[in-house]
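> To start, I am sharing the structure in question, which I have written as structure tokens.
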Amino acid sequence: MPAITRDMSKTVTILMGVLNGARWLHPQLNSIAEQDHEAWVIRFSDDGSTDLSADIIAGFSEKHPDRVHRGTGPKSGFGDNYMQLIRDLPKQAGYTAFADQDDIWIRDKLGRAVAALARSGEKPALYCGRRWLWYPKMDRRIKSPQPSREFGFRNALIENVAAGNTVMLNPAAARLARQAARMITKPVFAHDWWLYQLITGAGGKVVFDHGPPCILYRQHSANAVGAGHGIAVQIRRKTDVLKGNFARRIKQNLAVLDQIKPLLTEESLRDLRRFELARNAALHQRLLLLNVSEVSAYGSK
């Protein structure tokens, strides 16, 4: 069994948005409390729960005094709730992880992420990894796909490969995220996709954990954004494209990126301009511009 980590210089701040999660909070919070990396604090943002979520969080706080901060969300969706948590990070934010209310963490999740980021240097870095897609009624587990292309801003423009419930930011990335979140006034589609775009666009890097999945990602009808697998999921995603949902999400992402352009590198700004031109061009010009900018996706998510 790995040694328990008590190095408080590597304290991880865990951000958890909550909305009517009483059915699932106990096992998730227990899995956090049992992490082999013991240096953690958790900041909750309850977005208007009407169940027993607040009571469960209060009970957890009593068991772990001085580790829990309880806040109230903006009541405008899960993306806004997490963005508020990012804005409210301390000015000198350290390692920062994101948790869903309904998952279960493998015991070494935090320790693996901190160890990987500790080797990443001083530049902003975002850690993420694989998940077990978990169907609890049958206890069926399916590994999420391995990425097959290089991470980067060009890829981040058209897809998200950083699953939010696996994400951890190193201190430089956490401070950058706090700064950027305070610059934007428009809603993000998803905080994890936004973080992937921000960190890569600002010249940071992604550290992907190719080891065993680090969480049980609970699959149920109340998932805010589910993963799923198989042909039904592929059909749904293709239908989203045909309905224009994907295009609307891209448009929303671009509107937010426009507000944080001062934080992007010159190379990222060039890629962003080419991408925007390609979206508005005629089909033959669009294909040419996309080829020039080498924007690509690997379709595993």
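By order of appearance in the structure tokens: chains A, B, ..., then residues from 1 within every chain, and ligands from 1 in the order shown.
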Could you pull out the strand (DSSP E) residues of region 77-168 of chain A, going by DSSP on the backbone, and write them as a list of chain:residue names?
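Answer for region 77-168 of chain A restricted to strand (DSSP E) is A:Tyr95, A:Thr96, A:Ala97, A:Phe98, A:Ala99, A:Ile104, A:Trp105, A:Ala125, A:Leu126, A:Tyr127, A:Cys128, A:Gly129, A:Trp132, A:Leu133, A:Trp134, A:Tyr135, A:Arg140, A:Arg141, A:Ile142, A:Lys143, A:Met168.
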> Do a neighbour search on Ser53 (chain A) at 10 Å with only C-alpha atoms, toss out local chain neighbours closer than 6 positions, and write the hits as a list in words.
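Within the cut-off, the hits are Val18, Leu19, Asn20, Gly21, Ala22, Arg23, Trp24, Leu25, His26, Asp46, Gly59 and Gln101 of chain A.
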> With 6 Å as the cut-off and only C-alpha atoms counted, what is the closest atom pair between each nearby residue of region 74-189 of chain A and region 207-215 of chain A? Distances in Å to one decimal, ordered by chain and number, as a tab-separated table.

```
residue	atom	partner	partner_atom	distance
A:Ile104	CA	A:Ile215	CA	5.8
A:Trp105	CA	A:Ile215	CA	4.4
A:Ile106	CA	A:Ile215	CA	5.3
A:Lys109	CA	A:Cys214	CA	5.3
A:Leu126	CA	A:Val207	CA	6.0
A:Tyr127	CA	A:Val207	CA	4.6
A:Cys128	CA	A:Phe208	CA	5.1
A:Gly129	CA	A:Asp209	CA	4.6
A:Arg130	CA	A:Pro213	CA	4.6
A:Arg131	CA	A:Pro213	CA	4.4
A:Trp132	CA	A:Pro213	CA	5.7
```
> Take the residues from that selection and put them in a file with N, CA and C atoms, as a PDB file, in the first residue's frame.

```pdb
ATOM      1  N   ILE A 104     -16.819   7.898  -7.458  1.00  0.00           N
ATOM      2  CA  ILE A 104     -16.017   7.319  -6.384  1.00  0.00           C
ATOM      3  C   ILE A 104     -14.566   7.343  -6.848  1.00  0.00           C
ATOM      4  N   TRP A 105     -13.701   7.897  -6.006  1.00  0.00           N
ATOM      5  CA  TRP A 105     -12.288   8.016  -6.364  1.00  0.00           C
ATOM      6  C   TRP A 105     -11.504   6.781  -5.925  1.00  0.00           C
ATOM      7  N   ILE A 106     -10.601   6.341  -6.805  1.00  0.00           N
ATOM      8  CA  ILE A 106      -9.633   5.310  -6.432  1.00  0.00           C
ATOM      9  C   ILE A 106      -8.668   5.924  -5.409  1.00  0.00           C
ATOM     10  N   LYS A 109      -5.802   8.410  -6.336  1.00  0.00           N
ATOM     11  CA  LYS A 109      -6.081   9.416  -7.359  1.00  0.00           C
ATOM     12  C   LYS A 109      -5.305  10.714  -7.125  1.00  0.00           C
ATOM     13  N   LEU A 126      -1.863  21.014 -16.674  1.00  0.00           N
ATOM     14  CA  LEU A 126      -3.150  20.394 -16.362  1.00  0.00           C
ATOM     15  C   LEU A 126      -2.990  18.882 -16.440  1.00  0.00           C
ATOM     16  N   TYR A 127      -3.296  18.210 -15.358  1.00  0.00           N
ATOM     17  CA  TYR A 127      -3.273  16.750 -15.307  1.00  0.00           C
ATOM     18  C   TYR A 127      -4.677  16.225 -15.568  1.00  0.00           C
ATOM     19  N   CYS A 128      -4.780  15.129 -16.309  1.00  0.00           N
ATOM     20  CA  CYS A 128      -6.050  14.428 -16.462  1.00  0.00           C
ATOM     21  C   CYS A 128      -5.737  12.961 -16.759  1.00  0.00           C
ATOM     22  N   GLY A 129      -6.753  12.132 -16.752  1.00  0.00           N
ATOM     23  CA  GLY A 129      -6.491  10.711 -16.960  1.00  0.00           C
ATOM     24  C   GLY A 129      -7.731   9.952 -17.393  1.00  0.00           C
ATOM     25  N   ARG A 130      -7.613   8.651 -17.336  1.00  0.00           N
ATOM     26  CA  ARG A 130      -8.695   7.777 -17.777  1.00  0.00           C
ATOM     27  C   ARG A 130      -9.678   7.530 -16.631  1.00  0.00           C
ATOM     28  N   ARG A 131     -10.867   7.073 -17.003  1.00  0.00           N
ATOM     29  CA  ARG A 131     -11.925   6.810 -16.032  1.00  0.00           C
ATOM     30  C   ARG A 131     -12.526   5.429 -16.292  1.00  0.00           C
ATOM     31  N   TRP A 132     -13.057   4.846 -15.232  1.00  0.00           N
ATOM     32  CA  TRP A 132     -13.947   3.712 -15.416  1.00  0.00           C
ATOM     33  C   TRP A 132     -15.343   4.265 -15.647  1.00  0.00           C
TER      34      TRP A 132
END
```
> For CA of Tyr217 (chain A) and CA of Val167 (chain A), determine how far apart the two atoms are, in Å to one decimal place.
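CA of Val167 (chain A) lies 13.1 Å from CA of Tyr217 (chain A).
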> For Val161 (chain A), find every residue with an atom within 9 Å (counting only C-alpha atoms), except residues of its own chain fewer than 2 positions away, and show them as a PyMOL selection string.
chain A and resi 128+147+151+155-156+159+163+192-193+196+300-301
> Write the selection just made, keeping N, CA, C and O atoms, as a short mmCIF file (atom, residue, chain, number, x, y, z; two decimals), in the first residue's frame?

```cif
data_model
loop_
_atom_site.label_atom_id
_atom_site.label_comp_id
_atom_site.auth_asym_id
_atom_site.auth_seq_id
_atom_site.Cartn_x
_atom_site.Cartn_y
_atom_site.Cartn_z
N CYS A 128 -4.78 15.13 -16.31
CA CYS A 128 -6.05 14.43 -16.46
C CYS A 128 -5.74 12.96 -16.76
O CYS A 128 -4.59 12.60 -17.00
N PRO A 147 -6.14 8.50 -25.43
CA PRO A 147 -5.98 9.49 -26.50
C PRO A 147 -4.95 9.02 -27.51
O PRO A 147 -4.00 8.30 -27.17
N PHE A 151 -1.87 16.50 -27.37
CA PHE A 151 -2.70 17.55 -26.80
C PHE A 151 -2.18 18.91 -27.23
O PHE A 151 -0.99 19.11 -27.43
N ASN A 155 -6.16 21.27 -31.00
CA ASN A 155 -7.11 20.20 -30.69
C ASN A 155 -8.20 20.69 -29.74
O ASN A 155 -9.38 20.36 -29.89
N ALA A 156 -7.81 21.53 -28.78
CA ALA A 156 -8.76 22.02 -27.78
C ALA A 156 -9.85 22.89 -28.39
O ALA A 156 -10.94 23.01 -27.81
N GLU A 159 -12.47 19.95 -29.50
CA GLU A 159 -12.93 18.88 -28.62
C GLU A 159 -12.28 18.99 -27.26
O GLU A 159 -11.24 19.63 -27.10
N ALA A 163 -11.20 15.22 -19.06
CA ALA A 163 -12.42 14.94 -18.29
C ALA A 163 -12.34 15.64 -16.94
O ALA A 163 -11.42 15.41 -16.15
N ASP A 192 -14.35 22.23 -17.81
CA ASP A 192 -13.17 21.43 -18.12
C ASP A 192 -12.67 21.70 -19.53
O ASP A 192 -11.46 21.79 -19.77
N TRP A 193 -13.60 21.85 -20.49
CA TRP A 193 -13.18 22.20 -21.85
C TRP A 193 -12.50 23.57 -21.86
O TRP A 193 -11.48 23.77 -22.51
N TYR A 196 -8.98 23.27 -20.57
CA TYR A 196 -8.10 22.68 -21.58
C TYR A 196 -7.70 23.74 -22.60
O TYR A 196 -6.52 23.86 -22.97
N SER A 300 -12.19 10.40 -29.61
CA SER A 300 -12.34 9.39 -28.57
C SER A 300 -13.26 9.83 -27.45
O SER A 300 -13.45 9.12 -26.49
N LYS A 301 -13.81 11.01 -27.55
CA LYS A 301 -14.66 11.51 -26.46
C LYS A 301 -15.98 12.00 -26.99
O LYS A 301 -16.06 12.53 -28.07
#
```
> I'd like the interatomic distance between CA of Gly79 (chain A) and CA of Pro187 (chain A), to a tenth of an Å.
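Atom-to-atom, CA of Gly79 (chain A) and CA of Pro187 (chain A) are spaced 7.6 Å apart.
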> With only C-alpha atoms as the basis for distance, which of A:Lys10, A:Arg112, A:Arg270, A:Lys137 is at the shortest distance from Phe153 (chain A)?
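Among the listed residues, A:Arg270 lies closest to Phe153 (chain A).
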> Neighbours of region 253-256 of chain A within 10 Å (only C-alpha atoms; same-chain residues fewer than 2 positions away dropped), as a PyMOL selection string?
chain A and resi 157-158+180-181+183-190+193-194+197+247-251+258-261+272+275-276
> Please run DSSP on the backbone and report, as a CSV table (one decimal) with N, CA and C atoms, in the first residue's frame, all residues within region 53-208 of chain A that come out as alpha helix (DSSP H).

```
chain,number,residue,atom,x,y,z
A,53,SER,N,-28.5,17.3,0.7
A,53,SER,CA,-27.1,17.5,0.4
A,53,SER,C,-26.4,18.4,1.4
A,54,ALA,N,-27.1,19.5,1.8
A,54,ALA,CA,-26.5,20.4,2.8
A,54,ALA,C,-26.2,19.8,4.1
A,55,ASP,N,-27.1,18.9,4.5
A,55,ASP,CA,-26.9,18.2,5.8
A,55,ASP,C,-25.7,17.2,5.7
A,56,ILE,N,-25.6,16.5,4.6
A,56,ILE,CA,-24.5,15.6,4.4
A,56,ILE,C,-23.2,16.3,4.4
A,57,ILE,N,-23.1,17.5,3.7
A,57,ILE,CA,-21.9,18.3,3.7
A,57,ILE,C,-21.6,18.8,5.1
A,58,ALA,N,-22.6,19.2,5.8
A,58,ALA,CA,-22.4,19.7,7.2
A,58,ALA,C,-21.8,18.6,8.1
A,59,GLY,N,-22.3,17.4,7.9
A,59,GLY,CA,-21.8,16.2,8.7
A,59,GLY,C,-20.4,15.9,8.3
A,60,PHE,N,-20.0,16.0,7.0
A,60,PHE,CA,-18.7,15.8,6.6
A,60,PHE,C,-17.7,16.9,7.2
A,61,SER,N,-18.2,18.1,7.2
A,61,SER,CA,-17.4,19.2,7.8
A,61,SER,C,-17.1,19.0,9.3
A,62,GLU,N,-18.1,18.4,10.0
A,62,GLU,CA,-17.9,18.1,11.4
A,62,GLU,C,-16.8,17.1,11.6
A,63,LYS,N,-16.8,16.1,10.7
A,63,LYS,CA,-15.8,15.0,10.8
A,63,LYS,C,-14.4,15.5,10.4
A,78,PHE,N,-24.3,24.0,-14.1
A,78,PHE,CA,-23.1,23.4,-13.5
A,78,PHE,C,-21.8,24.1,-14.0
A,79,GLY,N,-21.8,24.6,-15.2
A,79,GLY,CA,-20.6,25.3,-15.7
A,79,GLY,C,-20.4,26.5,-14.9
A,80,ASP,N,-21.4,27.4,-14.7
A,80,ASP,CA,-21.3,28.6,-14.0
A,80,ASP,C,-20.9,28.3,-12.5
A,81,ASN,N,-21.4,27.2,-12.0
A,81,ASN,CA,-21.1,26.9,-10.6
A,81,ASN,C,-19.6,26.6,-10.4
A,82,TYR,N,-19.0,25.8,-11.3
A,82,TYR,CA,-17.6,25.6,-11.2
A,82,TYR,C,-16.8,26.8,-11.5
A,83,MET,N,-17.2,27.6,-12.5
A,83,MET,CA,-16.5,28.9,-12.7
A,83,MET,C,-16.4,29.8,-11.5
A,84,GLN,N,-17.5,29.8,-10.8
A,84,GLN,CA,-17.5,30.6,-9.5
A,84,GLN,C,-16.5,30.0,-8.5
A,85,LEU,N,-16.5,28.7,-8.4
A,85,LEU,CA,-15.5,28.1,-7.5
A,85,LEU,C,-14.0,28.5,-8.0
A,86,ILE,N,-13.8,28.5,-9.3
A,86,ILE,CA,-12.5,28.9,-9.8
A,86,ILE,C,-12.2,30.4,-9.4
A,87,ARG,N,-13.2,31.2,-9.6
A,87,ARG,CA,-13.0,32.7,-9.3
A,87,ARG,C,-12.7,32.9,-7.9
A,109,LYS,N,-5.8,8.4,-6.3
A,109,LYS,CA,-6.1,9.4,-7.4
A,109,LYS,C,-5.3,10.7,-7.1
A,110,LEU,N,-5.4,11.3,-5.9
A,110,LEU,CA,-4.8,12.6,-5.7
A,110,LEU,C,-3.2,12.4,-5.7
A,111,GLY,N,-2.8,11.3,-5.1
A,111,GLY,CA,-1.3,11.1,-5.0
A,111,GLY,C,-0.7,11.0,-6.4
A,112,ARG,N,-1.3,10.3,-7.3
A,112,ARG,CA,-0.8,10.1,-8.6
A,112,ARG,C,-0.7,11.5,-9.4
A,113,ALA,N,-1.8,12.2,-9.2
A,113,ALA,CA,-1.9,13.5,-9.9
A,113,ALA,C,-0.8,14.5,-9.4
A,114,VAL,N,-0.7,14.6,-8.1
A,114,VAL,CA,0.3,15.5,-7.5
A,114,VAL,C,1.7,15.1,-7.9
A,115,ALA,N,2.0,13.8,-7.9
A,115,ALA,CA,3.3,13.3,-8.3
A,115,ALA,C,3.6,13.6,-9.8
A,116,ALA,N,2.6,13.5,-10.6
A,116,ALA,CA,2.8,13.8,-12.1
A,116,ALA,C,3.0,15.3,-12.3
A,117,LEU,N,2.3,16.1,-11.6
A,117,LEU,CA,2.4,17.5,-11.8
A,117,LEU,C,3.7,18.1,-11.1
A,118,ALA,N,4.2,17.4,-10.1
A,118,ALA,CA,5.4,17.8,-9.4
A,118,ALA,C,6.6,17.7,-10.4
A,153,PHE,N,-3.6,23.4,-28.2
A,153,PHE,CA,-4.6,24.4,-28.3
A,153,PHE,C,-5.4,24.1,-29.6
A,154,ARG,N,-4.8,23.7,-30.7
A,154,ARG,CA,-5.5,23.4,-31.9
A,154,ARG,C,-6.5,22.3,-31.7
A,155,ASN,N,-6.2,21.3,-31.0
A,155,ASN,CA,-7.1,20.2,-30.7
A,155,ASN,C,-8.2,20.7,-29.7
A,156,ALA,N,-7.8,21.5,-28.8
A,156,ALA,CA,-8.8,22.0,-27.8
A,156,ALA,C,-9.8,22.9,-28.4
A,171,PRO,N,0.0,24.6,-9.3
A,171,PRO,CA,-0.2,26.0,-8.8
A,171,PRO,C,-0.2,27.1,-9.8
A,172,ALA,N,0.7,27.0,-10.8
A,172,ALA,CA,0.8,28.0,-11.9
A,172,ALA,C,-0.5,28.0,-12.7
A,173,ALA,N,-1.0,26.8,-13.0
A,173,ALA,CA,-2.3,26.7,-13.8
A,173,ALA,C,-3.5,27.2,-13.0
A,174,ALA,N,-3.5,26.9,-11.7
A,174,ALA,CA,-4.6,27.3,-10.8
A,174,ALA,C,-4.7,28.8,-10.7
A,175,ARG,N,-3.5,29.5,-10.6
A,175,ARG,CA,-3.5,30.9,-10.6
A,175,ARG,C,-3.9,31.5,-11.9
A,176,LEU,N,-3.5,30.9,-13.0
A,176,LEU,CA,-3.9,31.4,-14.3
A,176,LEU,C,-5.4,31.2,-14.5
A,177,ALA,N,-5.9,30.1,-14.1
A,177,ALA,CA,-7.4,29.9,-14.2
A,177,ALA,C,-8.2,30.9,-13.4
A,178,ARG,N,-7.7,31.2,-12.2
A,178,ARG,CA,-8.4,32.2,-11.3
A,178,ARG,C,-8.4,33.5,-12.0
A,179,GLN,N,-7.2,33.9,-12.6
A,179,GLN,CA,-7.1,35.2,-13.3
A,179,GLN,C,-8.1,35.3,-14.5
A,180,ALA,N,-8.0,34.2,-15.3
A,180,ALA,CA,-8.9,34.2,-16.5
A,180,ALA,C,-10.3,34.2,-16.2
A,181,ALA,N,-10.7,33.4,-15.1
A,181,ALA,CA,-12.1,33.3,-14.8
A,181,ALA,C,-12.7,34.7,-14.3
A,191,HIS,N,-16.7,23.8,-17.9
A,191,HIS,CA,-15.5,24.4,-17.2
A,191,HIS,C,-14.2,23.6,-17.6
A,192,ASP,N,-14.4,22.2,-17.8
A,192,ASP,CA,-13.2,21.4,-18.1
A,192,ASP,C,-12.7,21.7,-19.5
A,193,TRP,N,-13.6,21.9,-20.5
A,193,TRP,CA,-13.2,22.2,-21.9
A,193,TRP,C,-12.5,23.6,-21.9
A,194,TRP,N,-13.1,24.5,-21.1
A,194,TRP,CA,-12.5,25.8,-21.0
A,194,TRP,C,-11.1,25.8,-20.4
A,195,LEU,N,-10.9,25.0,-19.4
A,195,LEU,CA,-9.6,24.8,-18.8
A,195,LEU,C,-8.6,24.3,-19.8
A,196,TYR,N,-9.0,23.3,-20.6
A,196,TYR,CA,-8.1,22.7,-21.6
A,196,TYR,C,-7.7,23.7,-22.6
A,197,GLN,N,-8.6,24.6,-23.0
A,197,GLN,CA,-8.3,25.6,-24.0
A,197,GLN,C,-7.4,26.7,-23.4
A,198,LEU,N,-7.7,27.1,-22.1
A,198,LEU,CA,-6.9,28.1,-21.5
A,198,LEU,C,-5.5,27.7,-21.3
A,199,ILE,N,-5.3,26.5,-20.7
A,199,ILE,CA,-3.9,26.1,-20.3
A,199,ILE,C,-3.1,25.9,-21.6
A,200,THR,N,-3.6,25.2,-22.6
A,200,THR,CA,-2.9,25.0,-23.8
A,200,THR,C,-2.7,26.3,-24.6
A,201,GLY,N,-3.7,27.2,-24.6
A,201,GLY,CA,-3.7,28.4,-25.3
A,201,GLY,C,-2.7,29.4,-24.7
```
> If I take CA of His220 (chain A) and CA of Trp134 (chain A), how far is one from the other in Å, to one decimal?
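Computing the Euclidean distance for CA of His220 (chain A) and CA of Trp134 (chain A) yields 9.1 Å.
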> For Phe98 (chain A), list every protein, DNA or RNA residue within 6 Å, evaluated using only C-alpha atoms, and leave out those in the same chain fewer than 2 positions away; present the list as a list in words.
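The contact residues come out as Ile14, Leu15, Asn165 and Val167 of chain A.
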> Check the smallest atom-to-atom distance from each of A:Leu29, A:Ala202, A:Leu216, A:Ala99 to Arg140 (chain A) using only C-alpha atoms, then report the winner.
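Checking each candidate against Arg140 (chain A), we get A:Leu216 as the closest.
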> Just the residues within 7 Å of Arg70 (chain A), please, counting only C-alpha atoms, with nothing from its chain fewer than 3 positions along; format it as a list in words.
Arg43, Phe44 and Ser45 of chain A
> Using only C-alpha atoms, which of the listed residues (A:Thr72, A:Asn30, A:Gln35, A:Gln146) sits closest to Gly48 (chain A)?
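Between A:Thr72, A:Asn30, A:Gln35, A:Gln146, the residue approaching Gly48 (chain A) most closely is A:Thr72.
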